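Participant: First, the structure itself, so that you have it in front of you.
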Amino acid sequence: MTVALGINAYHADASAAIMRDGKLLAAVEEERFTRVKHTAGFPSQAIKYCVEVAGVRPEEIDVVAIPRRRSAHLVRKMLWALRSPSLALGRGKAWRQYSSFGDALADTLGVPPGRIRAQFHTVEHHVAHVASSYYTSPFDDAAVLSLDGLGDFASMCWGTGERGKLDLRDFVLFPHSLGFYYTAVTQYLGFPKYGDEYKVMGLAAYGQPRYKDEFQEMVTTGQGLDFKLNLKYFRHQRGGELISWEAGEPVQATLFSEHMERRLGPARRTREEPVTQRHQDIAATLQWQLEEVVIDLLNQLHRKTGKTRLCYAGGVAFNCAANGKIFRRTPFKDLYIHPAAGDAGLAVGAAAYVTHHLMGMARQGSLDHAYLGPEFTNDRIKSALDAAGLRYRTAEPSALFETTAQHIAAGKIVGWYQGRTEWGPRALGNRSIVADPRRGDMKDILNRRIKHREPFRPFAPSILMESTADWFDQSYPSPFMLLTYKVHPEKVARIPAPTHVDGTGRLQTVDRRAAPTYWELIKAFEGETGVPVLLNTSFNESEPVVNTPEEAVNCAVRTGMDVLAIGQHVVEL
């Protein structure tokens with residue numbers, strides 16, 4: 001038995017994952033326990049959960065894989081340290097936290113440091129990203145790409161995966177970063193919180209790309225497989241600490257410069273300032289230019305590698321609007337994006353890289369679902385319901401699906417809590433709020449009563465995988481809600497609630513084999529309505545997705561949901 005524990009620590013989206021004999025057993029973000037979005041620090045509770053699922057003692061852990069490598073791109077780091085000492089000081093502060101990594105792990109597991117006998121491996125940030133996608137994909141032969149903000153002084157790497165080995169060809173290094181490009185304009189548009197980029201992606205559909213000259217000047221692709229930022233628009237290269245997570249939630253420094261304001265006009269400084277057509281057009285141009293650059297990089301990647309399968313990771317891989325154009329605008333025929341494509345996924349990637357690439361262990365199948373987090377017993381669920389004083393009915397599985405589908409068809413908002421928590425940021429039918437997609441007012445109802453989100457942000461459609469081609473212009477599976485397709489025009493009127501203003505949907509295709517419980521619910525709804533689609537949004541309210549039964553009950557009651565279907569129990573609230 002070989003046990004590998006991957007730990008993403010002292011970094012945004014702290015997380016842990018564990019593999020045994022090459023099989024991924026568990027993975028979870030620390031935020032699910034701390035209830036602080038994108039929480040950093042040392043993921044003690046996530047580690048404890050993973051070790052418990054694996055059923056191993058601390059001394060039985062063979063490998064601890066850490067997705068950060070001090071020696072990566074050392075020459076570039078030294079040159080920048082000479083140019084910007086304050087930047088070097090900020091990086092050094094982050095590294096000092098790693099000096100006591102082994103002690104922190106021993107303390108988490110409740111043993112003396114000597115009981116941790118594992119070999120510690122450090123894995124370069126982007127190597128871990130591509131490993132997270134390649135080694136959990138169904139592909140043996142593929143191009144690999146990682147795009148994000150910054151990790152180990154790089155923002156992109158590319159290469160190939162062949163016969164279980166990664167061959168990484170090149171990197172794009174600091175200060176050039178598509179992630180920082182998107183974040184800087186996101187901040188300029190008045191969305192300063194870490195992770196707000198997805199809001200601007202939704203806003204983009206309301207505008208037109210009227211600022212092409214400015215954005216084509218802002219970021220350009222080169223003759224090779226790379227890109228460059230026009231640094232006049234940015235300030236991250238000027239020095240100082242780029243990100244702080246002392247209080248748990250990451251706080252990012254301002255990345256846009258005065259030059260951006262001179263070219264685009266005054267920045268939106270507060271949430272109270274209205275979002276105007278100018279802001280919508282800037283968001284649209286931001287998205288347009290990102291897509292142009294990413295598509296150009298992918299076409300060059302195909303030419304360099306000759307591959308028609310792509311494994312993609314990094315924070316930029318969450319841009320589902322760009323992802324939905326890959327099949328139409330590049331020669332790639334197959335695509336796999338890890339469900340936790342961002343920094344949480346580094347825990348899986350680091351463990352997988354050591355297990356498969358360094359140790360040569362064979363893969364044990366691909367990851368076709370994201371249900372890798374905690375699951376709770378029926379007794380725990382009943383205790384949570386009883387403690388809240390709620391009356392509930394217990395139903396057999398077939399009755400549970402039928403009853404819940406009837407509630408949804410009647411316009412009820414349902415909290416749907418089943419099985420293991422999802423790995424990654426998307427609720428994929430185990431920790432979801434589900435509603436009737438046929439109601440044109442359902443988006444406003446959800447926002448008013450439950451989610452309290454900006455009105456320009458869309459909700460997602462979950463669809464039976466076998467029905468995808470009947471409702472969308474593409475049918476390639478999207479199990480992790482990471483692709484956006486056009487809804488067939490004649491179908492828009494039938495599912496207006498999760499259809500975005502531009503006629504698209506950020507869809508989740510639901511496979512009966514990978515997600516049988518959620519598939520049965522959607523199938524029951526189709527039986528009631530003739531529509532094989534549900535509106536799906538995450539089970540939360542301005543917090544991480546609920547994890548425990550107690551959190552689910554509290555959220556459902558607090559927000560005034562109509563029905564809670566939790567395990568085999570149905571509560572009418």
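Labels used: A, B, ... for chains in the order of the structure tokens, numbers from 1 for residues in each chain, and numbers from 1 for ligands as shown.
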Per residue of stretch 399-465 of chain A within 6 Å of stretch 499-510 of chain A, which atom pair is closest and at what distance in Å (one decimal), using only C-alpha atoms, listed by chain and increasing number, as CSV?
Facilitator:
residue,atom,partner,partner_atom,distance
A:Pro458,CA,A:His500,CA,5.7
A:Ala460,CA,A:Arg506,CA,5.3
A:Pro461,CA,A:Leu507,CA,5.0
A:Ser462,CA,A:Gln508,CA,4.6
A:Ile463,CA,A:Thr509,CA,5.1
A:Leu464,CA,A:Val510,CA,4.9
A:Met465,CA,A:Thr509,CA,4.6
Participant: Can you write out the residues you just picked, keeping C-alpha atoms, as a PDB file, in the first residue's frame?
Facilitator:
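Full text of again.pdb as output:
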ATOM      1  CA  PRO A 458     -26.793  33.754 -14.221  1.00  0.00           C
ATOM      2  CA  ALA A 460     -26.865  27.155 -14.142  1.00  0.00           C
ATOM      3  CA  PRO A 461     -28.890  24.477 -15.935  1.00  0.00           C
ATOM      4  CA  SER A 462     -28.332  20.842 -14.977  1.00  0.00           C
ATOM      5  CA  ILE A 463     -29.411  18.551 -17.813  1.00  0.00           C
ATOM      6  CA  LEU A 464     -29.560  14.810 -18.364  1.00  0.00           C
ATOM      7  CA  MET A 465     -26.445  14.081 -20.386  1.00  0.00           C
TER       8      MET A 465
END
Participant: Please list as a list in words every residue within 9 Å of A:Phe139, counting only C-alpha atoms and excluding residues in the same chain fewer than 5 positions away.
Facilitator: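 My list of contacting residues is Tyr134, Gly161, Glu162, Arg309, Leu310, Cys311, Asp334, Tyr336 and Ser366 of chain A.
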Participant: Write to file, as a PDB file, in the first residue's frame, the residues of the selection just made, with C-alpha atoms.
Facilitator:
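For reference, out.pdb as written:
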ATOM      1  CA  TYR A 134      -3.889  14.964 -16.773  1.00  0.00           C
ATOM      2  CA  GLY A 161       1.214  13.967 -21.228  1.00  0.00           C
ATOM      3  CA  GLU A 162       2.091  10.633 -22.816  1.00  0.00           C
ATOM      4  CA  ARG A 309      -6.943  16.061 -26.626  1.00  0.00           C
ATOM      5  CA  LEU A 310      -6.453  18.786 -24.041  1.00  0.00           C
ATOM      6  CA  CYS A 311      -6.043  18.656 -20.249  1.00  0.00           C
ATOM      7  CA  ASP A 334     -11.532  16.189 -26.474  1.00  0.00           C
ATOM      8  CA  TYR A 336     -10.796  17.546 -19.628  1.00  0.00           C
ATOM      9  CA  SER A 366     -10.395   8.739 -14.442  1.00  0.00           C
TER      10      SER A 366
END
Participant: Hey, can you check how far atom CA of A:Thr285 sits from atom CA of A:Leu225?
Facilitator: 22.4 Å
Participant: Show me, as a list in words, the residues that have an atom within 8 Å of stretch 193-200 of chain A when counting only C-alpha atoms, minus same-chain residues fewer than 5 positions from it.
Facilitator: His38, Tyr182, Thr183, Thr186, Gln187, Pro250, Val251, Gln252, Ala283, Asn319 and Arg457 of chain A
Participant: For A:Tyr135, find every residue with an atom within 10 Å (counting only C-alpha atoms), except residues of its own chain fewer than 4 positions away, and show them as a PyMOL selection string.
Facilitator: chain A and resi 22+130-131+139-140+161+164-166+311+338+348-349+352-353+355-357+362-367
Participant: Give me a file of those residues, with C-alpha atoms, as an mmCIF file, in the first residue's frame.
Facilitator:
data_model
loop_
_atom_site.group_PDB
_atom_site.id
_atom_site.type_symbol
_atom_site.label_atom_id
_atom_site.label_comp_id
_atom_site.auth_asym_id
_atom_site.auth_seq_id
_atom_site.Cartn_x
_atom_site.Cartn_y
_atom_site.Cartn_z
ATOM 1 C CA GLY A 22 -2.850 5.553 -7.212
ATOM 2 C CA VAL A 130 -1.402 20.162 -15.096
ATOM 3 C CA ALA A 131 -0.973 16.963 -13.097
ATOM 4 C CA PHE A 139 -6.632 10.486 -21.652
ATOM 5 C CA ASP A 140 -3.252 8.815 -21.909
ATOM 6 C CA GLY A 161 1.214 13.967 -21.228
ATOM 7 C CA GLY A 164 1.591 8.379 -17.841
ATOM 8 C CA LYS A 165 4.473 10.879 -17.958
ATOM 9 C CA LEU A 166 4.393 14.673 -18.194
ATOM 10 C CA CYS A 311 -6.043 18.656 -20.249
ATOM 11 C CA HIS A 338 -10.320 19.179 -13.335
ATOM 12 C CA VAL A 348 -4.642 16.518 -5.948
ATOM 13 C CA GLY A 349 -2.086 17.526 -8.563
ATOM 14 C CA ALA A 352 -0.820 12.636 -8.396
ATOM 15 C CA TYR A 353 2.474 13.929 -9.809
ATOM 16 C CA THR A 355 2.461 8.993 -7.324
ATOM 17 C CA HIS A 356 2.277 8.626 -11.087
ATOM 18 C CA HIS A 357 5.122 10.627 -12.634
ATOM 19 C CA ALA A 362 -0.441 3.226 -12.852
ATOM 20 C CA ARG A 363 -3.585 5.331 -12.785
ATOM 21 C CA GLN A 364 -6.718 3.740 -11.346
ATOM 22 C CA GLY A 365 -9.342 5.175 -13.689
ATOM 23 C CA SER A 366 -10.395 8.739 -14.442
ATOM 24 C CA LEU A 367 -12.323 11.137 -12.240
#
Participant: Given the choices A:Ala405, A:Ala106, A:Val563, A:Met361, which gets closest to A:Gly527 if the distance is worked out from only C-alpha atoms?
Facilitator: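 So, comparing all the options, the nearest one is A:Ala405.
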Participant: List the neighbours of A:Phe180 out to 9 Å using only C-alpha atoms; skip same-chain residues closer than 3 positions along the sequence, and give me the result as a list in words.
Facilitator: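 Near neighbours after the sequence-gap exclusion: Asp148, Gly149, Leu150, Ser155, Pro175, His176, Ser177, Thr183, Ala184, Val185, Phe234, His236 and Leu255 of chain A.
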Participant: Those residues you just picked out, can you put them in a file as a compact mmCIF listing (two decimals), in the first residue's frame with C-alpha atoms?
Facilitator:
# COMPACT_ATOMS: atom_id res chain seq x y z
CA ASP A 148 -3.63 31.31 -13.70
CA GLY A 149 -2.56 34.39 -11.77
CA LEU A 150 0.79 33.47 -10.27
CA SER A 155 1.49 32.13 -14.74
CA PRO A 175 5.11 39.74 -14.37
CA HIS A 176 3.06 38.51 -17.36
CA SER A 177 -0.19 36.85 -16.29
CA THR A 183 -8.29 40.35 -11.89
CA ALA A 184 -6.98 43.88 -12.46
CA VAL A 185 -9.94 44.80 -14.68
CA PHE A 234 -0.79 47.28 -14.07
CA HIS A 236 1.68 44.22 -9.49
CA LEU A 255 -3.47 45.48 -9.54
Participant: Quick one: of A:Met561, A:Val293, A:Ile522, A:Val487, who's nearest to A:Gln474, counting only C-alpha atoms?
Facilitator: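 Result for the nearest residue to A:Gln474: A:Val487.
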Participant: Residues at most 9 Å from A:Lys491, counting only C-alpha atoms, excluding those fewer than 3 positions away in the same chain, as a PyMOL selection string?
Facilitator: chain A and resi 470-472+487-488+494-496
Participant: Considering only C-alpha atoms, can you say which of A:Val172, A:Val354, A:Met260, A:Ala204 comes closest to A:Trp288?
Facilitator: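 Checking each of A:Val172, A:Val354, A:Met260, A:Ala204 against A:Trp288, counting only C-alpha atoms, the winner is A:Ala204.
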Participant: With DSSP run on the backbone, what are the helix (DSSP H, G or I) residues within stretch 261-458 of chain A? I'd like them as a ChimeraX atom specification.
Facilitator: /A:261-264,277-305,315-318,320-323,326-329,343-358,378-387,397-409,442-451
Participant: For A:His129, which residue out of A:Lys228, A:Thr2, A:Lys37, A:Gly342 is the nearest one, using only C-alpha atoms?
Facilitator: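 With only C-alpha atoms as the atom set, the closest residue is A:Gly342.
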Participant: Residues near A:His369, anyone? I mean within 10 Å using only C-alpha atoms, not counting same-chain ones fewer than 3 positions away, as a ChimeraX atom specification.
Facilitator: /A:338-339,366,372,422-423,428,479-480,510-511,513-515
